[in-house]
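protein34.txt (compact mmCIF, C-alpha atoms)
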```txt
# COMPACT_ATOMS: atom_id res chain seq x y z
CA LEU A 1 180.98 -86.75 10.49
CA SER A 2 178.46 -83.95 10.92
CA HIS A 3 179.70 -81.39 13.42
CA PRO A 4 179.12 -77.84 14.72
CA VAL A 5 181.57 -74.97 14.40
CA GLN A 6 184.72 -75.72 16.41
CA SER A 7 187.12 -73.13 17.72
CA GLY A 8 190.83 -73.67 17.31
CA PRO A 9 192.81 -74.96 20.30
CA HIS A 10 194.32 -71.54 21.12
CA ALA A 11 191.64 -69.07 20.00
CA GLU A 12 192.83 -66.48 22.53
CA LEU A 13 196.20 -66.34 20.71
CA LEU A 14 195.39 -67.34 17.15
CA GLY A 15 191.84 -66.14 16.61
CA VAL A 16 190.10 -68.30 14.03
CA TRP A 17 193.26 -70.04 12.82
CA GLY A 18 192.75 -73.77 13.29
CA ALA A 19 188.99 -73.39 13.72
CA GLY A 20 186.66 -75.84 12.03
CA ARG A 21 183.56 -74.77 10.18
CA ALA A 22 180.28 -76.60 10.67
CA GLY A 23 179.50 -79.36 8.23
CA LEU A 24 176.96 -82.05 7.45
CA GLY A 25 179.78 -84.53 6.93
CA ILE A 26 180.50 -86.96 4.13
CA VAL A 27 180.58 -90.25 6.08
CA ASP A 28 177.69 -92.44 4.99
CA GLY A 29 175.61 -93.24 8.07
CA ASN A 30 177.53 -90.56 10.04
CA GLU A 31 179.55 -93.20 11.93
CA ILE A 32 183.11 -94.46 11.68
CA PRO A 33 183.12 -98.01 13.14
CA TYR A 34 186.27 -97.90 15.27
CA GLN A 35 187.51 -100.77 17.37
CA PRO A 36 187.46 -99.65 21.05
CA TRP A 37 191.21 -98.99 21.27
CA ALA A 38 191.07 -97.01 18.01
CA ALA A 39 188.17 -94.83 19.21
CA GLU A 40 190.35 -93.85 22.17
CA LYS A 41 193.30 -93.16 19.85
CA GLN A 42 191.08 -90.93 17.68
CA ARG A 43 190.13 -88.89 20.75
CA ASP A 44 193.83 -88.57 21.65
CA ASN A 45 194.63 -87.53 18.07
CA TYR A 46 191.96 -84.83 18.24
CA ALA A 47 193.29 -83.50 21.55
CA ASP A 48 196.85 -83.38 20.17
CA ARG A 49 196.01 -82.32 16.60
CA MET A 50 197.87 -79.00 16.91
CA VAL A 51 200.96 -80.45 18.65
CA VAL A 52 203.86 -80.53 16.22
CA ASN A 53 207.12 -82.35 16.81
CA ALA A 54 209.55 -80.47 14.57
CA THR A 55 212.36 -83.02 14.85
CA ASN A 56 213.33 -85.58 12.27
CA GLU A 57 212.75 -88.39 14.75
CA PRO A 58 210.18 -91.10 13.98
CA SER A 59 208.18 -89.80 16.96
CA ARG A 60 207.26 -86.72 14.88
CA PHE A 61 204.30 -88.73 13.56
CA ASP A 62 202.93 -89.48 17.05
CA THR A 63 201.07 -86.17 17.43
CA GLY A 64 199.65 -83.47 15.23
CA ASP A 65 197.55 -83.49 12.11
CA PRO A 66 199.74 -84.56 9.16
CA GLU A 67 198.25 -81.65 7.17
CA LEU A 68 199.52 -79.18 9.78
CA GLN A 69 202.97 -80.73 9.37
CA CYS A 70 202.71 -80.35 5.56
CA PHE A 71 202.66 -84.06 4.77
CA ARG A 72 200.60 -85.33 1.85
CA ALA A 73 196.90 -85.72 2.54
CA GLY A 74 196.41 -89.35 1.50
CA VAL A 75 193.37 -90.94 -0.09
CA PRO A 76 190.52 -90.14 0.13
CA ARG A 77 191.35 -86.95 2.10
CA ALA A 78 193.13 -85.25 -0.81
CA ASN A 79 189.84 -85.27 -2.72
CA TYR A 80 187.79 -83.32 -0.16
CA MET A 81 190.33 -80.78 1.01
CA PRO A 82 189.43 -77.17 0.08
CA TYR A 83 191.90 -77.05 -2.80
CA PRO A 84 191.33 -77.83 -6.47
CA LEU A 85 192.46 -80.90 -8.33
CA GLN A 86 192.89 -81.64 -12.02
CA ILE A 87 192.46 -84.94 -13.87
CA PHE A 88 194.43 -85.98 -16.96
CA GLN A 89 193.68 -89.16 -18.88
CA THR A 90 195.52 -91.39 -21.34
CA PRO A 91 194.73 -95.02 -22.26
CA GLU A 92 197.42 -96.26 -19.86
CA LEU A 93 197.15 -93.76 -17.04
CA VAL A 94 194.85 -91.39 -15.20
CA LEU A 95 196.81 -88.68 -13.41
CA VAL A 96 195.21 -86.68 -10.58
CA VAL A 97 197.12 -83.51 -9.69
CA TYR A 98 196.28 -81.74 -6.42
CA GLU A 99 197.07 -78.13 -5.59
CA TYR A 100 197.77 -79.05 -1.95
CA LYS A 101 201.47 -79.88 -1.61
CA SER A 102 201.73 -80.14 -5.44
CA THR A 103 200.77 -83.78 -4.96
CA TYR A 104 199.90 -86.10 -7.80
CA ARG A 105 198.80 -89.69 -8.09
CA SER A 106 199.11 -92.07 -10.98
CA ILE A 107 196.17 -94.42 -11.49
CA PHE A 108 197.48 -97.32 -13.57
CA MET A 109 194.95 -98.46 -16.18
CA ASP A 110 196.99 -100.78 -18.40
CA GLU A 111 198.10 -103.40 -15.88
CA GLU A 112 197.82 -103.85 -12.14
CA ARG A 113 200.83 -102.60 -10.20
CA PRO A 114 201.69 -104.04 -6.79
CA ALA A 115 202.14 -101.66 -3.87
CA LEU A 116 205.89 -101.97 -3.38
CA ASP A 117 206.31 -99.17 -0.85
CA ALA A 118 204.17 -97.68 1.89
CA THR A 119 203.41 -94.08 0.89
CA TRP A 120 201.03 -91.26 1.82
CA MET A 121 199.01 -91.64 -1.40
CA GLY A 122 199.23 -95.42 -1.82
CA THR A 123 199.36 -97.28 -5.13
CA SER A 124 196.31 -96.85 -7.38
CA ASN A 125 195.06 -99.36 -9.96
CA GLY A 126 191.98 -98.48 -11.99
CA HIS A 127 189.44 -99.92 -14.40
CA TRP A 128 186.22 -98.74 -16.01
CA GLU A 129 182.74 -99.98 -15.09
CA GLY A 130 180.68 -98.20 -17.73
CA ASP A 131 181.29 -94.47 -17.19
CA THR A 132 182.58 -95.01 -13.64
CA LEU A 133 186.30 -95.02 -12.91
CA VAL A 134 186.90 -97.60 -10.16
CA VAL A 135 190.24 -97.25 -8.36
CA ASP A 136 191.71 -99.77 -5.91
CA VAL A 137 194.24 -98.07 -3.61
CA GLN A 138 196.59 -99.92 -1.25
CA GLY A 139 200.13 -99.53 0.06
CA PHE A 140 199.65 -96.66 2.50
CA ASN A 141 201.96 -95.73 5.34
CA GLU A 142 200.66 -95.90 8.91
CA HIS A 143 200.36 -92.11 9.38
CA THR A 144 197.21 -91.37 7.35
CA TRP A 145 194.51 -89.15 8.87
CA PHE A 146 191.15 -88.56 7.19
CA ASP A 147 190.54 -85.09 8.61
CA ARG A 148 191.46 -82.52 11.25
CA ALA A 149 189.44 -84.42 13.86
CA GLY A 150 192.09 -87.13 14.17
CA ASN A 151 190.25 -89.90 12.33
CA PHE A 152 192.98 -92.26 11.17
CA ALA A 153 193.94 -95.61 9.67
CA SER A 154 196.87 -98.03 9.74
CA ASP A 155 199.13 -99.29 6.97
CA ALA A 156 196.49 -101.97 6.28
CA LEU A 157 194.19 -99.29 4.83
CA HIS A 158 192.43 -100.30 1.62
CA VAL A 159 190.33 -97.77 -0.33
CA VAL A 160 188.12 -98.46 -3.35
CA GLU A 161 187.09 -95.23 -5.09
CA ARG A 162 184.31 -94.69 -7.61
CA TRP A 163 184.42 -91.54 -9.76
CA THR A 164 181.16 -91.16 -11.73
CA PRO A 165 180.30 -88.23 -14.03
CA VAL A 166 176.83 -86.86 -13.25
CA SER A 167 176.96 -83.93 -15.69
CA PRO A 168 179.69 -81.99 -17.54
CA TYR A 169 180.10 -79.99 -14.30
CA ARG A 170 179.85 -82.61 -11.54
CA LEU A 171 181.47 -85.86 -10.47
CA LYS A 172 180.00 -88.16 -7.84
CA TYR A 173 182.82 -89.44 -5.64
CA GLU A 174 182.44 -92.50 -3.44
CA ALA A 175 185.08 -94.33 -1.42
CA MET A 176 184.76 -97.60 0.49
CA ILE A 177 187.29 -97.74 3.33
CA GLU A 178 188.46 -100.82 5.16
CA ASP A 179 191.23 -101.48 7.64
CA PRO A 180 190.85 -104.59 9.83
CA ASN A 181 193.51 -103.25 12.20
CA VAL A 182 191.41 -100.18 13.09
CA PHE A 183 187.75 -100.61 12.08
CA THR A 184 185.14 -103.27 12.89
CA ARG A 185 183.74 -103.20 9.35
CA PRO A 186 184.14 -101.34 6.06
CA TRP A 187 182.60 -97.85 5.85
CA SER A 188 182.22 -95.26 3.12
CA VAL A 189 182.22 -91.60 2.22
CA SER A 190 180.47 -89.87 -0.68
CA PHE A 191 180.24 -86.32 -1.98
CA THR A 192 180.07 -84.27 -5.16
CA LEU A 193 183.04 -82.66 -6.88
CA TYR A 194 182.17 -79.52 -8.87
CA ARG A 195 184.02 -78.39 -11.96
CA ASN A 196 185.71 -75.00 -11.66
CA VAL A 197 184.44 -72.98 -14.62
CA GLU A 198 185.93 -69.60 -13.71
CA ASP A 199 188.27 -67.87 -16.14
CA ASN A 200 191.97 -68.69 -15.66
```

How does the structure come out when it is put into structure tokens?
Amino acid sequence: LSHPVQSGPHAELLGVWGAGRAGLGIVDGNEIPYQPWAAEKQRDNYADRMVVNATNEPSRFDTGDPELQCFRAGVPRANYMPYPLQIFQTPELVLVVYEYKSTYRSIFMDEERPALDATWMGTSNGHWEGDTLVVDVQGFNEHTWFDRAGNFASDALHVVERWTPVSPYRLKYEAMIEDPNVFTRPWSVSFTLYRNVEDN
């Protein structure tokens, strides 16, 4: 969502650490259609985004941004974090490797794979529609956040991504997001990914 600059929760101690820069946002229509209970949960998530439970108890997921706790970013968040990614392609597989947390995801192109386990990155099955790579992602755990503002989903999250080359240096990325446990309707994000052409 579009937003102004936001200070971190403890600016007097940490300075700009945890601050959020202003942004126009990537949510199409600038609205996430939460169910009423989920809108309240998002506000609670935002208030507690910097609270970390350092135990190994299941309650460690109840507060704090998963990124702050060094968990994987999930989909689509991994694609718009401020870290690079690299794409490898074979006839059977597209592999996306992310710098953040040395995460990777396998997009299965040869045959559809069921989501057997609930994971941070889900299970990705892809196909081509012309030049566009369409990826159906399901099988997420219930801890996924979309950003540092506490926007979240449940384990019923379903994401359909579209990766479309616009030029040799740009990809148009679109993701349709649905989760009947959290949202009143599907919603989408879109943005441009730019190729890093610097040496090394």

What gap, in Å, lies between CA of Val94 in chain A and CA of Thr132 in chain A?
-> 12.9 Å

If you count all atoms listed in the file, which residues fall within 12 Å of Phe140 in chain A, apart from same-chain ones fewer than 4 positions away, as an MDAnalysis selection string?
-> chainID A and resid 72:76 115:124 136 144:145 152:159 179

Gln69 in chain A environment, 10 Å, all atoms listed in the file, sequence neighbours closer than 4 positions dropped, as a ChimeraX atom specification | /A:50-54,60-61,63-65

For CA of Val134 in chain A and CA of Val160 in chain A, the interatomic separation in Å (one decimal) =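 Interatomic distance here is 7.0 Å.
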
Got a sec to check which residues sit within 10 Å of (201.1, -81.8, -4.5), counting all atoms listed in the file, and write them as a PDB file with C-alpha atoms, keeping the file's coordinate frame?
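Generated output (selection-v2.pdb):
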```pdb
ATOM      1  CA  PHE A  71     202.660 -84.060   4.770  1.00  0.00           C
ATOM      2  CA  ARG A  72     200.600 -85.330   1.850  1.00  0.00           C
ATOM      3  CA  ALA A  73     196.900 -85.720   2.540  1.00  0.00           C
ATOM      4  CA  ALA A  78     193.130 -85.250  -0.810  1.00  0.00           C
ATOM      5  CA  LEU A  85     192.460 -80.900  -8.330  1.00  0.00           C
ATOM      6  CA  VAL A  96     195.210 -86.680 -10.580  1.00  0.00           C
ATOM      7  CA  VAL A  97     197.120 -83.510  -9.690  1.00  0.00           C
ATOM      8  CA  TYR A  98     196.280 -81.740  -6.420  1.00  0.00           C
ATOM      9  CA  GLU A  99     197.070 -78.130  -5.590  1.00  0.00           C
ATOM     10  CA  TYR A 100     197.770 -79.050  -1.950  1.00  0.00           C
ATOM     11  CA  LYS A 101     201.470 -79.880  -1.610  1.00  0.00           C
ATOM     12  CA  SER A 102     201.730 -80.140  -5.440  1.00  0.00           C
ATOM     13  CA  THR A 103     200.770 -83.780  -4.960  1.00  0.00           C
ATOM     14  CA  TYR A 104     199.900 -86.100  -7.800  1.00  0.00           C
ATOM     15  CA  ARG A 105     198.800 -89.690  -8.090  1.00  0.00           C
TER      16      ARG A 105
END
```

So which one's closest to Trp37 in chain A, A:Phe183, A:Gly130, A:His143, A:Leu93? Using only C-alpha atoms, please.
-> A:Phe183

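In this model, the gap between CA of Leu133 in chain A and CA of Trp163 in chain A comes to 5.1 Å.
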
So which one's closest to Asn196 in chain A, A:Pro180, A:Pro84, A:Gly29, A:Gly8? Using all atoms listed in the file, please.
->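 Among the listed residues, A:Pro84 lies closest to Asn196 in chain A.
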
A:Asn151, A:Asn200, A:Ser106, A:Ser167: which is nearest Asp131 in chain A, counting all atoms listed in the file?
->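 With all atoms listed in the file as the atom set, the closest residue is A:Ser167.
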
Selected residue, from A:Val27, A:Leu95, A:Leu171, A:Val182, that lies nearest to Tyr194 in chain A when counting all atoms listed in the file = A:Leu171

Nearest candidate to Phe108 in chain A (options A:Met81, A:Ile26, A:Leu68, A:Val137; using all atoms listed in the file) |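 Smallest separation from Phe108 in chain A among the options: A:Val137.
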
Give the answer as one residue: which of A:Leu193, A:Gln138, A:Ser7, A:Glu40 has the shortest atom-to-atom distance to Glu178 in chain A, using all atoms listed in the file?
->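 Comparing A:Leu193, A:Gln138, A:Ser7, A:Glu40 against Glu178 in chain A, the winner is A:Gln138.
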
Any chance you could turn range 52-109 of chain A into a file with C-alpha atoms, as a compact mmCIF listing (two decimals), in the first residue's frame?
```txt
# COMPACT_ATOMS: atom_id res chain seq x y z
CA VAL A 52 10.63 -11.14 18.92
CA ASN A 53 10.02 -14.29 20.93
CA ALA A 54 13.45 -15.95 20.91
CA THR A 55 12.24 -19.30 22.25
CA ASN A 56 11.66 -22.45 20.28
CA GLU A 57 8.04 -22.56 21.38
CA PRO A 58 5.26 -22.45 18.76
CA SER A 59 4.26 -19.07 20.23
CA ARG A 60 7.39 -17.55 18.64
CA PHE A 61 5.29 -17.01 15.50
CA ASP A 62 2.61 -15.00 17.34
CA THR A 63 4.47 -11.68 17.20
CA GLY A 64 7.17 -10.04 15.15
CA ASP A 65 7.83 -9.77 11.46
CA PRO A 66 9.07 -13.15 10.18
CA GLU A 67 11.82 -11.27 8.29
CA LEU A 68 13.10 -9.81 11.57
CA GLN A 69 13.25 -13.35 12.93
CA CYS A 70 15.20 -14.49 9.82
CA PHE A 71 12.51 -16.79 8.47
CA ARG A 72 12.07 -17.15 4.71
CA ALA A 73 10.12 -14.35 3.05
CA GLY A 74 7.46 -16.38 1.25
CA VAL A 75 5.80 -15.66 -2.07
CA PRO A 76 5.33 -13.03 -3.38
CA ARG A 77 7.34 -11.11 -0.73
CA ALA A 78 10.69 -12.67 -1.68
CA ASN A 79 10.36 -11.03 -5.11
CA TYR A 80 10.06 -7.43 -3.88
CA MET A 81 12.51 -7.44 -1.00
CA PRO A 82 15.56 -5.19 -1.57
CA TYR A 83 17.84 -8.10 -2.42
CA PRO A 84 18.67 -9.58 -5.81
CA LEU A 85 17.41 -12.84 -7.22
CA GLN A 86 18.64 -15.04 -10.05
CA ILE A 87 16.63 -17.26 -12.39
CA PHE A 88 17.89 -20.53 -13.92
CA GLN A 89 15.90 -22.48 -16.48
CA THR A 90 15.85 -26.04 -17.80
CA PRO A 91 13.02 -27.80 -19.68
CA GLU A 92 11.88 -29.49 -16.47
CA LEU A 93 12.54 -26.80 -13.90
CA VAL A 94 12.82 -23.07 -13.31
CA LEU A 95 14.92 -22.31 -10.24
CA VAL A 96 14.70 -18.91 -8.53
CA VAL A 97 17.56 -18.23 -6.12
CA TYR A 98 17.22 -15.34 -3.66
CA GLU A 99 20.07 -13.61 -1.86
CA TYR A 100 17.92 -13.16 1.26
CA LYS A 101 18.40 -16.21 3.50
CA SER A 102 20.02 -18.08 0.56
CA THR A 103 16.49 -19.16 -0.31
CA TYR A 104 15.57 -20.93 -3.51
CA ARG A 105 12.38 -22.19 -5.05
CA SER A 106 11.86 -24.88 -7.63
CA ILE A 107 9.13 -24.20 -10.18
CA PHE A 108 8.18 -27.58 -11.64
CA MET A 109 7.53 -27.39 -15.38
```
